[in-house]
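Engineer: Here it is, the structure, as C-alpha cells.
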Amino acid sequence: QVQLVESGGGLVQPGGSLRLSCTTSGSIFSIYTMGWYRQAPGNQREQVATITRGGRTGYADSVKGRFTISTDNGKDTVYLQMNSLKPEDTAVYYCRADDVFGGDYWGQGTQVTVSS
C-alpha cells in the first residue's frame with residue numbers, strides 16, 4: 001500500500017508560480033511511476049506530468065515549458081513546479097503513483113486557482 005498527500009495549492013495571479021508537493025509513505029520501494037493530474041469543473045481528469053523511477057519525464061502539451069516535475073533524492077516526495085500560470089490551469093491537482101504490483105494510488109487533491 002502507498003499513501004499520498006498533496007500540498008502547496010492556493011490562489012495565484014496569472015503569470016505567477018506555485019510548487020506542489022506530494023509526500024509518499026508506505027511501500028514506496030514498489031513505486032515505478034508517479035504523476036500529477038488535474039481536473040477542472042465540468043472536465044475529465046487529465047494527465048499533467050509524469051516521472052519514472054529512472055527519472056524519465058513526460059508532460060502534457062498545454063504545460064510544456066512552464067511546469068517541471070521532479071523528485072527528491074530519497075524519491076519519497078514528488079514536486080510540480082508551475083510557472084507562468086494561466087487561468088486555464090485552475091483545477092484540483094492530484095498526485096498518482098503506480099507500483100510494480102499493479103497498484104494505482106491517488107492523493108486527495110489540492111486546489112489551484114489562477115485568477116486576478
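Residues are referred to by chain and number: the chain letter is A, B, ... according to the order shown in the C-alpha cells, the number counts from 1 in that chain, and ligands are numbered separately from 1 in the order shown.
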I want to know what sits within 12 Å of Lys64 (chain A), based on only C-alpha atoms, with residues of the same chain fewer than 5 positions away left out; could you give that as an mmCIF file with N, CA and C atoms, in the first residue's frame?

Structural biologist:
data_model
loop_
_atom_site.group_PDB
_atom_site.id
_atom_site.type_symbol
_atom_site.label_atom_id
_atom_site.label_comp_id
_atom_site.auth_asym_id
_atom_site.auth_seq_id
_atom_site.Cartn_x
_atom_site.Cartn_y
_atom_site.Cartn_z
ATOM 1 N N VAL A 48 -1.026 15.654 -16.353
ATOM 2 C CA VAL A 48 -0.244 16.877 -16.481
ATOM 3 C C VAL A 48 1.227 16.551 -16.703
ATOM 4 N N ALA A 49 1.783 15.712 -15.815
ATOM 5 C CA ALA A 49 3.206 15.375 -15.902
ATOM 6 C C ALA A 49 3.450 14.053 -15.202
ATOM 7 N N THR A 50 4.428 13.309 -15.684
ATOM 8 C CA THR A 50 4.785 12.030 -15.071
ATOM 9 C C THR A 50 6.299 11.917 -14.952
ATOM 10 N N THR A 57 10.762 11.841 -17.751
ATOM 11 C CA THR A 57 9.602 12.709 -17.537
ATOM 12 C C THR A 57 8.766 12.847 -18.800
ATOM 13 N N GLY A 58 7.503 13.189 -18.601
ATOM 14 C CA GLY A 58 6.593 13.455 -19.705
ATOM 15 C C GLY A 58 5.623 14.540 -19.308
ATOM 16 N N TYR A 59 5.209 15.341 -20.277
ATOM 17 C CA TYR A 59 4.344 16.483 -19.994
ATOM 18 C C TYR A 59 3.217 16.584 -21.014
ATOM 19 N N ILE A 69 8.296 18.575 -13.349
ATOM 20 C CA ILE A 69 8.099 17.543 -12.335
ATOM 21 C C ILE A 69 9.472 17.038 -11.892
ATOM 22 N N GLN A 81 6.619 22.014 -10.114
ATOM 23 C CA GLN A 81 6.873 23.456 -10.165
ATOM 24 C C GLN A 81 6.082 24.026 -11.329
ATOM 25 N N MET A 82 5.213 24.968 -11.025
ATOM 26 C CA MET A 82 4.334 25.555 -12.039
ATOM 27 C C MET A 82 4.646 27.025 -12.182
ATOM 28 N N ASN A 83 5.112 27.414 -13.352
ATOM 29 C CA ASN A 83 5.442 28.803 -13.651
ATOM 30 C C ASN A 83 4.530 29.338 -14.740
ATOM 31 N N SER A 84 4.503 30.646 -14.861
ATOM 32 C CA SER A 84 3.691 31.305 -15.900
ATOM 33 C C SER A 84 2.265 30.760 -15.895
ATOM 34 N N LEU A 85 1.681 30.715 -14.739
ATOM 35 C CA LEU A 85 0.351 30.123 -14.606
ATOM 36 C C LEU A 85 -0.707 30.937 -15.340
#

Engineer: Which residues come within 6 Å of Ser21 (chain A), counting only C-alpha atoms, excluding same-chain residues fewer than 6 positions away, as a list in words?

Structural biologist: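 With the cut-off at 6 Å, the set is Glu6, Ser7, Val78 and Tyr79 of chain A.
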
Engineer: Write out the residues from the selection above, keeping C-alpha atoms, as a tab-separated table (two decimals), in the first residue's frame.

Structural biologist:
chain	number	residue	atom	x	y	z
A	6	GLU	CA	-0.52	16.67	-1.68
A	7	SER	CA	0.20	20.21	-0.53
A	78	VAL	CA	7.43	14.42	-5.97
A	79	TYR	CA	7.13	18.07	-6.88

Engineer: So that I can see what lies close to region 8-11 of chain A, please list as a ChimeraX atom specification the residues with an atom at most 10 Å from it, counting only C-alpha atoms and leaving out residues fewer than 2 positions away in the same chain.

Structural biologist: /A:6,13-14,16-22,79-80,90-93,109-116

Engineer: Provide the CA of Gly74 (chain A) to CA of Ser62 (chain A) distance in Å, to one decimal place.

Structural biologist: 29.1 Å
